[in-house]
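Have a look at query-v8.txt below; it lists compact mmCIF, C-alpha atoms.
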```txt
# COMPACT_ATOMS: atom_id res chain seq x y z
CA MET U 1094 124.24 132.64 102.19
CA LYS U 1095 121.83 130.66 104.33
CA VAL U 1096 119.85 127.68 103.05
CA LYS U 1097 117.35 125.52 104.92
CA VAL U 1098 117.09 121.78 104.30
CA ARG U 1099 113.84 120.06 105.23
CA PHE U 1100 113.57 116.28 105.41
CA PHE U 1101 110.33 114.35 105.73
CA ALA U 1102 109.14 110.99 107.04
CA ARG U 1103 111.91 108.39 107.32
CA PHE U 1104 114.56 110.86 106.17
CA ARG U 1105 113.54 113.09 109.07
CA GLU U 1106 113.92 110.22 111.52
CA LEU U 1107 117.43 109.56 110.23
CA LEU U 1108 118.68 113.09 109.69
CA GLY U 1109 116.46 115.55 111.54
CA THR U 1110 114.95 118.51 109.73
CA ASP U 1111 115.03 122.29 109.27
CA ILE U 1112 118.81 122.21 109.04
CA ILE U 1113 120.30 125.63 108.36
CA LEU U 1114 123.49 125.65 106.33
CA GLU U 1115 125.80 128.35 105.07
CA PRO U 1116 127.17 126.79 101.91
CA PRO U 1117 129.81 128.46 99.74
CA ALA U 1118 128.80 130.06 96.44
CA GLY U 1119 128.43 127.56 93.64
CA THR U 1120 126.91 124.84 95.84
CA THR U 1121 124.34 122.75 94.00
CA PHE U 1122 121.19 121.08 95.27
CA THR U 1123 122.93 117.70 95.20
CA THR U 1124 126.16 118.78 96.90
CA LEU U 1125 124.16 120.52 99.61
CA VAL U 1126 122.20 117.38 100.48
CA LEU U 1127 125.40 115.29 100.22
CA GLU U 1128 127.01 117.62 102.74
CA VAL U 1129 124.13 117.24 105.19
CA THR U 1130 124.26 113.45 104.95
CA ARG U 1131 128.07 113.20 104.95
CA LYS U 1132 128.35 111.99 108.52
CA ASN U 1133 125.25 109.81 108.50
CA ARG U 1134 125.77 106.65 106.48
CA GLU U 1135 122.23 105.34 106.95
CA GLY U 1136 120.68 108.68 106.04
CA HIS U 1137 122.97 108.99 103.03
CA ASP U 1138 122.18 105.50 101.77
CA ALA U 1139 118.44 106.05 102.16
CA ILE U 1140 118.60 109.09 99.87
CA PHE U 1141 121.45 108.33 97.44
CA ASP U 1142 122.22 105.24 95.39
CA GLU U 1143 125.63 103.60 94.94
CA THR U 1144 126.59 106.09 92.23
CA GLY U 1145 125.88 109.07 94.48
CA ALA U 1146 122.72 110.05 92.59
CA PHE U 1147 119.38 110.66 94.26
CA ARG U 1148 117.33 107.47 94.43
CA GLU U 1149 114.70 107.61 91.70
CA PHE U 1150 111.62 107.68 93.93
CA VAL U 1151 112.86 110.56 96.14
CA ILE U 1152 110.94 113.81 95.63
CA LEU U 1153 113.01 117.01 95.59
CA MET U 1154 111.70 120.53 95.91
CA ARG U 1155 113.25 123.97 96.04
CA ASN U 1156 111.07 126.76 97.42
CA GLY U 1157 107.94 124.69 96.82
CA LYS U 1158 108.83 123.86 93.21
CA ARG U 1159 109.67 120.37 92.06
CA VAL U 1160 113.27 119.70 91.04
CA GLU U 1161 114.04 116.76 88.77
CA SER U 1162 116.79 114.60 90.20
CA ALA U 1163 118.60 114.81 86.84
CA ASP U 1164 118.80 118.61 87.24
CA ALA U 1165 119.73 118.67 90.94
CA GLY U 1166 123.44 118.21 90.19
CA SER U 1167 123.60 121.42 88.18
CA LEU U 1168 121.05 123.52 90.05
CA GLY U 1169 122.78 126.07 92.24
CA VAL U 1170 121.24 127.06 95.56
CA ALA U 1171 120.77 130.68 96.57
CA ASP U 1172 120.46 132.64 99.80
CA GLY U 1173 117.13 132.02 101.51
CA ASP U 1174 116.35 128.85 99.59
CA GLU U 1175 114.33 126.14 101.25
CA ILE U 1176 115.18 122.64 100.06
CA ALA U 1177 112.77 119.74 100.67
CA VAL U 1178 113.65 116.06 100.35
CA PHE U 1179 110.71 113.72 100.67
CA PRO U 1180 110.42 109.93 100.45
CA PRO U 1181 106.95 108.85 99.31
CA VAL U 1182 105.55 105.87 101.20
CA ALA U 1183 103.74 102.93 99.63
CA GLY U 1184 101.95 100.95 102.32
CA GLY U 1185 98.24 100.62 102.84
CA MET V 658 64.61 111.18 98.58
CA VAL V 659 66.02 110.99 102.07
CA SER V 660 63.61 108.91 104.19
CA LYS V 661 62.29 109.83 107.64
CA ARG V 662 64.56 107.20 109.18
CA GLU V 663 67.56 108.59 107.29
CA LEU V 664 66.73 112.12 108.41
CA GLU V 665 67.07 110.87 111.96
CA ARG V 666 70.08 108.64 111.35
CA TYR V 667 72.11 111.38 109.64
CA LYS V 668 70.66 114.28 111.66
CA ARG V 669 74.00 115.51 112.97
CA GLN V 670 75.66 115.69 109.56
CA ILE V 671 72.56 117.01 107.79
CA LEU V 672 73.16 120.03 110.06
CA LEU V 673 76.42 120.43 108.13
CA PHE V 674 75.47 119.82 104.51
CA GLY V 675 71.68 119.65 104.46
CA GLU V 676 69.31 117.05 103.05
CA GLU V 677 70.67 117.84 99.62
CA GLY V 678 74.16 116.80 100.70
CA GLN V 679 72.79 113.63 102.27
CA GLU V 680 70.87 112.86 99.09
CA ARG V 681 74.11 113.25 97.11
CA LEU V 682 75.87 110.78 99.39
CA LYS V 683 72.96 108.37 99.03
CA ARG V 684 73.03 108.53 95.22
CA SER V 685 76.79 107.98 95.08
CA HIS V 686 78.84 104.89 94.37
CA ILE V 687 82.38 104.74 95.71
CA PHE V 688 84.97 102.11 94.79
CA ILE V 689 87.45 101.22 97.54
CA ALA V 690 90.53 99.32 96.35
CA GLY V 691 91.65 97.31 99.36
CA ALA V 692 90.11 96.14 102.65
CA GLY V 693 93.26 96.44 104.75
CA GLY V 694 94.77 99.17 106.92
CA LEU V 695 93.53 102.14 104.90
CA GLY V 696 90.46 100.38 103.48
CA SER V 697 89.11 99.69 106.97
CA PRO V 698 88.58 103.26 108.23
CA ILE V 699 87.69 104.45 104.71
CA ALA V 700 84.92 101.86 104.33
CA ILE V 701 83.60 102.27 107.87
CA TYR V 702 83.37 106.06 107.68
CA LEU V 703 81.84 106.08 104.21
CA ALA V 704 79.31 103.43 105.27
CA VAL V 705 78.22 105.31 108.39
CA ALA V 706 78.10 108.59 106.42
CA GLY V 707 75.49 106.98 104.15
CA VAL V 708 77.33 106.64 100.83
CA GLY V 709 74.61 104.73 98.94
CA THR V 710 76.77 102.12 97.24
CA ILE V 711 80.22 100.97 98.27
CA THR V 712 82.23 98.46 96.27
CA ILE V 713 85.25 97.11 98.11
CA VAL V 714 87.81 94.83 96.47
CA ASP V 715 90.45 92.67 98.10
CA MET V 716 92.05 89.32 97.29
CA ASP V 717 93.53 88.36 100.65
CA ALA V 718 92.41 86.41 103.69
CA VAL V 719 92.66 87.90 107.18
CA ASP V 720 96.01 87.10 108.82
CA VAL V 721 96.63 87.52 112.53
CA SER V 722 99.40 90.05 111.74
CA ASN V 723 96.78 92.29 110.08
CA LEU V 724 94.89 92.90 113.30
CA ASN V 725 97.07 95.73 114.65
CA ARG V 726 95.64 98.07 112.01
CA GLN V 727 92.91 96.50 109.87
CA ILE V 728 89.98 97.39 112.09
CA LEU V 729 87.33 95.88 109.80
CA HIS V 730 88.63 92.48 110.89
CA THR V 731 88.81 90.88 114.33
CA ASP V 732 90.26 87.76 115.93
CA ARG V 733 87.33 85.62 114.88
CA ASP V 734 87.89 86.59 111.20
CA VAL V 735 91.42 85.18 110.95
CA GLY V 736 91.49 82.86 107.93
CA LYS V 737 88.31 84.32 106.39
CA LYS V 738 88.44 86.21 103.12
CA LYS V 739 88.70 89.92 103.84
CA THR V 740 85.73 90.59 101.56
CA VAL V 741 83.53 88.28 103.66
CA SER V 742 84.69 89.86 106.90
CA ALA V 743 84.31 93.39 105.44
CA ILE V 744 80.77 92.92 104.17
CA GLU V 745 79.66 91.49 107.53
CA LYS V 746 81.01 94.47 109.47
CA LEU V 747 79.85 97.10 107.00
CA ARG V 748 76.31 95.68 107.02
CA GLU V 749 76.34 95.90 110.80
CA TYR V 750 77.48 99.50 110.59
CA ASN V 751 74.80 100.44 108.08
CA ALA V 752 72.19 98.07 106.69
CA ASP V 753 70.56 100.86 104.65
CA ILE V 754 73.30 101.04 102.03
CA THR V 755 74.39 98.66 99.27
CA ILE V 756 77.75 96.98 99.75
CA ASN V 757 79.51 94.94 97.09
CA ALA V 758 82.58 93.06 98.21
CA ILE V 759 84.59 91.49 95.41
CA ASP V 760 87.27 88.90 96.09
CA THR V 761 89.73 89.37 93.25
CA MET V 762 93.07 90.80 92.23
CA ILE V 763 92.85 94.16 90.45
CA THR V 764 94.59 93.88 87.08
CA ALA V 765 94.90 95.80 83.83
CA ASP V 766 92.31 93.42 82.37
CA ASN V 767 89.58 93.84 84.97
CA GLY V 768 90.24 97.35 86.36
CA HIS V 769 87.68 99.18 84.21
CA GLU V 770 85.02 96.55 84.67
CA LEU V 771 85.46 96.43 88.46
CA VAL V 772 85.24 100.21 88.83
CA GLY V 773 82.20 100.28 86.54
CA ARG V 774 80.09 103.40 86.98
CA ALA V 775 81.53 104.36 90.37
CA ASP V 776 81.76 108.09 91.11
CA GLY V 777 85.23 107.86 92.59
CA ILE V 778 88.08 105.48 93.40
CA VAL V 779 89.66 105.40 96.84
CA ASP V 780 93.21 104.11 96.92
CA ALA V 781 93.68 101.74 99.85
CA MET V 782 96.28 99.60 98.11
CA ASP V 783 99.66 98.60 99.47
CA ASN V 784 101.61 98.78 96.20
CA PHE V 785 102.30 101.28 93.44
CA PRO V 786 101.75 99.09 90.36
CA VAL V 787 98.03 98.72 91.16
CA ARG V 788 97.83 102.37 92.20
CA TYR V 789 99.21 103.41 88.78
CA LEU V 790 96.68 101.16 87.10
CA LEU V 791 93.73 102.61 89.05
CA ASN V 792 95.03 106.14 88.46
CA ARG V 793 94.71 105.45 84.72
CA VAL V 794 91.20 104.03 85.15
CA ALA V 795 90.23 107.20 87.05
CA LEU V 796 91.75 109.40 84.30
CA ALA V 797 89.92 107.49 81.54
CA ARG V 798 86.60 107.68 83.41
CA LYS V 799 87.20 111.28 84.54
CA ILE V 800 86.42 110.41 88.14
CA PRO V 801 88.45 111.42 91.20
CA PHE V 802 91.20 109.24 92.63
CA PHE V 803 91.66 109.64 96.38
CA HIS V 804 95.27 108.61 97.05
CA GLY V 805 96.65 107.58 100.42
CA ALA V 806 99.71 105.63 101.57
CA ILE V 807 101.39 104.88 104.88
CA ARG V 808 104.59 103.62 106.44
CA GLY V 809 105.50 103.60 110.12
CA PHE V 810 104.19 106.77 111.73
CA HIS V 811 104.11 108.56 108.36
CA GLY V 812 101.52 108.95 105.67
CA GLN V 813 100.55 110.95 102.62
CA ALA V 814 97.28 111.76 100.86
CA THR V 815 96.08 113.75 97.87
CA THR V 816 92.94 114.06 95.78
CA ILE V 817 93.41 113.70 92.05
CA LEU V 818 90.83 115.34 89.80
CA PRO V 819 91.42 114.27 86.18
CA GLY V 820 92.25 117.21 83.92
CA LYS V 821 92.48 119.62 86.86
CA THR V 822 95.22 118.35 89.16
CA PRO V 823 98.45 116.42 88.73
CA CYS V 824 97.79 112.69 88.48
CA LEU V 825 99.53 109.97 90.47
CA GLU V 826 102.17 109.47 87.76
CA CYS V 827 102.90 113.23 87.67
CA ILE V 828 103.58 113.19 91.41
CA PHE V 829 105.31 109.82 91.77
CA LYS V 830 107.14 109.01 88.55
CA ASP V 831 108.96 106.16 90.26
CA ALA V 832 107.49 103.88 92.90
CA PRO V 833 109.17 103.55 96.28
CA PRO V 834 110.87 100.16 96.68
CA LYS V 835 108.71 97.21 97.66
CA GLU V 836 109.08 96.07 101.27
CA VAL V 837 107.27 94.60 104.26
CA PHE V 838 106.49 97.99 105.68
CA PRO V 839 106.39 98.72 109.41
CA VAL V 840 103.17 100.42 110.47
CA VAL V 841 101.09 101.32 113.49
CA GLY V 842 97.28 101.21 113.25
CA THR V 843 96.85 104.87 114.10
CA THR V 844 98.72 105.93 110.94
CA ALA V 845 96.20 103.98 108.85
CA GLY V 846 93.46 105.60 110.93
CA VAL V 847 94.71 109.13 110.28
CA ILE V 848 95.31 108.76 106.53
CA GLY V 849 92.25 106.56 105.84
CA THR V 850 90.05 109.03 107.69
CA ILE V 851 91.50 111.92 105.68
CA GLN V 852 90.73 110.02 102.46
CA ALA V 853 87.14 109.32 103.59
CA ASN V 854 86.80 112.98 104.55
CA GLU V 855 87.94 113.98 101.06
CA VAL V 856 85.29 111.70 99.53
CA ILE V 857 82.55 113.21 101.70
CA LYS V 858 83.64 116.75 100.82
CA TYR V 859 83.82 115.90 97.12
CA LEU V 860 80.40 114.25 97.05
CA THR V 861 78.64 116.95 99.06
CA GLY V 862 80.53 119.85 97.44
CA HIS V 863 81.89 121.18 100.72
CA GLY V 864 85.30 122.55 101.70
CA ASP V 865 88.65 122.60 99.95
CA LEU V 866 89.94 119.33 98.59
CA LEU V 867 93.56 118.19 98.72
CA ALA V 868 93.66 119.01 95.01
CA GLY V 869 97.15 119.91 93.82
CA ARG V 870 98.42 119.42 97.38
CA LEU V 871 100.18 116.41 98.85
CA PHE V 872 99.28 116.17 102.53
CA ILE V 873 102.07 114.73 104.66
CA TRP V 874 101.40 113.34 108.11
CA ASP V 875 104.22 112.92 110.62
CA GLY V 876 102.78 111.00 113.53
CA LEU V 877 106.01 111.14 115.54
CA ALA V 878 106.06 114.92 115.50
CA ALA V 879 102.23 115.08 115.39
CA THR V 880 102.36 117.52 112.50
CA GLY V 881 100.61 117.69 109.18
CA GLU V 882 101.80 119.83 106.30
CA HIS V 883 101.50 119.87 102.56
CA LEU V 884 103.68 120.12 99.50
CA MET V 885 102.27 121.90 96.46
CA ILE V 886 102.39 119.54 93.49
CA GLU V 887 102.41 120.29 89.80
CA LYS V 888 101.28 118.60 86.62
CA ASN V 889 103.97 117.07 84.50
CA PRO V 890 103.20 118.15 80.91
CA ALA V 891 105.14 115.10 79.70
CA CYS V 892 103.28 112.71 82.03
CA PRO V 893 102.76 109.40 80.21
CA ALA V 894 99.40 108.94 81.96
CA CYS V 895 97.75 112.37 81.71
CA GLY V 896 100.04 114.59 79.59
CA ALA V 897 97.68 114.48 76.62
CA MET V 898 94.75 115.41 78.84
CA HIS V 899 96.60 118.52 80.11
CA ASN V 900 97.33 119.66 76.61
CA GLN V 901 93.65 119.28 75.64
CA THR V 902 92.36 121.22 78.66
CA LYS V 903 95.06 123.88 78.76
CA GLY V 904 92.81 126.63 77.45
CA THR V 905 90.02 126.05 79.93
CA GLU V 906 91.86 125.74 83.20
CA ARG V 907 91.28 128.23 85.97
```
Whole structure given in C-alpha cells:
Amino acid sequence: MKVKVRFFARFRELLGTDIILEPPAGTTFTTLVLEVTRKNREGHDAIFDETGAFREFVILMRNGKRVESADAGSLGVADGDEIAVFPPVAGG
Amino acid sequence: MVSKRELERYKRQILLFGEEGQERLKRSHIFIAGAGGLGSPIAIYLAVAGVGTITIVDMDAVDVSNLNRQILHTDRDVGKKKTVSAIEKLREYNADITINAIDTMITADNGHELVGRADGIVDAMDNFPVRYLLNRVALARKIPFFHGAIRGFHGQATTILPGKTPCLECIFKDAPPKEVFPVVGTTAGVIGTIQANEVIKYLTGHGDLLAGRLFIWDGLAATGEHLMIEKNPACPACGAMHNQTKGTER
C-alpha cells in the first residue's frame, strides 16, 4: 500500500512534505510518522515527546478528518491514505 | 447614511459592495485584541475601509525590536504606549471613524466589559490563554471571532461563528508551547490582512468566510491551503451550544 505524509509549517522545514511511503500491513498512524522521523532527531523531537507520544498541541489528520493523538497509536493506515501533521503557531 | 465625502472616499470599494455595504461597515464596531504584528495591518485596513468604530487593546510599550513587523509604530514611537502610537496613526489614516485605544491587559475579569457591544473580535494576540478567553467571550456574545497566529514564515487563520463553526477550543485543545517566536513582518502582513478581509466580508455579507476551514500560509513555499476543521461535541467551551443548535444546523 501507498500512504502520503504531509507536514506543515516548522515540521515541513525540518522533514519536508508529501512523503510517499509503502508501509507494511498493520502500520498505525503513529508508527508511520515515527518511521518518517526516524533519521531526523530534530524533526522527531519537534513532533514527539520523551515518551514517544505525539506532543499534545500537534494536530493530526487522516484524509481530512481529525485524529485524536490518543487514538493514533491504534489507528491503522490504509492504501491511498493521506496523513497530515500540523503544528499550530501562537505568535501575533 | 453615507455622506457625500464618504461616497468619494470609499468610491472604489462601493463599486464592490454598494452604499449598503459601506453603510454596514460604518455602523459596525470591531474589537481588535492587540496592537502588534497582526493588530497593525488589521487596524490599518479596517480603518481605511471605514469600519465606523474600532476598539484596539494593548498593554505594551513600543520596543525597538517590534519595528520589523508592527507597522503601526515607527522609530519615533519607541518607548510610547502602543495604544497612544496606534490611535495617532489610525486617526491619520481615517479621521472620519471612531477609534478607542485601551491600555490594559485582557483578563477573565474585564474581557466582557472591554468587548462591550462590539460586532466581532479580531484575534491579534501573541498567546493562547488570552485567545481562549476571548473565544469564550465571543461564544457568550454570539459574535464572530477572527483568529490569526504567526511564527516565522508561517501563519494560520480561521473565522469562528458561534454555534455554526468549531470554536478555538475545538480546533486547538492544547496551546503550542510559549516561546519568543521568530517572525518576519510579511507573515504578519499576510495573516493580518486575511483577518481584516474576513471582517470586511462578514460585515458586508460578501464572499465565503474561512468558516470551518483553517487557512495555512507557508511563506517559504508561497502556498496557502486549508484544513477542514470539525466541532468537538465534547468541547468544554462550546459543546453545550452545539447540542442546543444541532437540530437547526444546515
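Rounded to one decimal, atom CA of Gly846 of chain V and atom CA of Leu695 of chain V lie 7.0 Å from each other.
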note = Separating atom CA of Arg748 of chain V from atom CA of Gly842 of chain V, to the nearest tenth of an Å, is a gap of 22.6 Å
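Using all atoms listed in the file, the smallest distance between any of U:Ile1113, U:His1137, U:Leu1153, U:Gly1185 and Pro698 of chain V comes from U:Gly1185.
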task = Show me which bits of chain V are within 6 Å of chain U, counting only C-alpha atoms, as JSON, numbers by chain.
result = {"V": [694, 695, 781, 782, 783, 784, 806, 807, 808, 811, 831, 832, 833]}
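Computed from the coordinates, the atom CA of Glu1143 of chain U to atom CA of Glu1161 of chain U distance equals 18.6 Å.
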Under the rule of at most 12 Å, produce a per-residue listing of segment 763-798 of chain V near segment 850-854 of chain V: chain, number, name, the closest pair of atoms, and the distance in Å, as CSV, using only C-alpha atoms.
```
residue,atom,partner,partner_atom,distance
V:Gly777,CA,V:Ala853,CA,11.3
V:Ile778,CA,V:Gln852,CA,10.5
V:Val779,CA,V:Gln852,CA,7.4
V:Asp780,CA,V:Gln852,CA,8.5
V:Ala781,CA,V:Gln852,CA,9.2
```
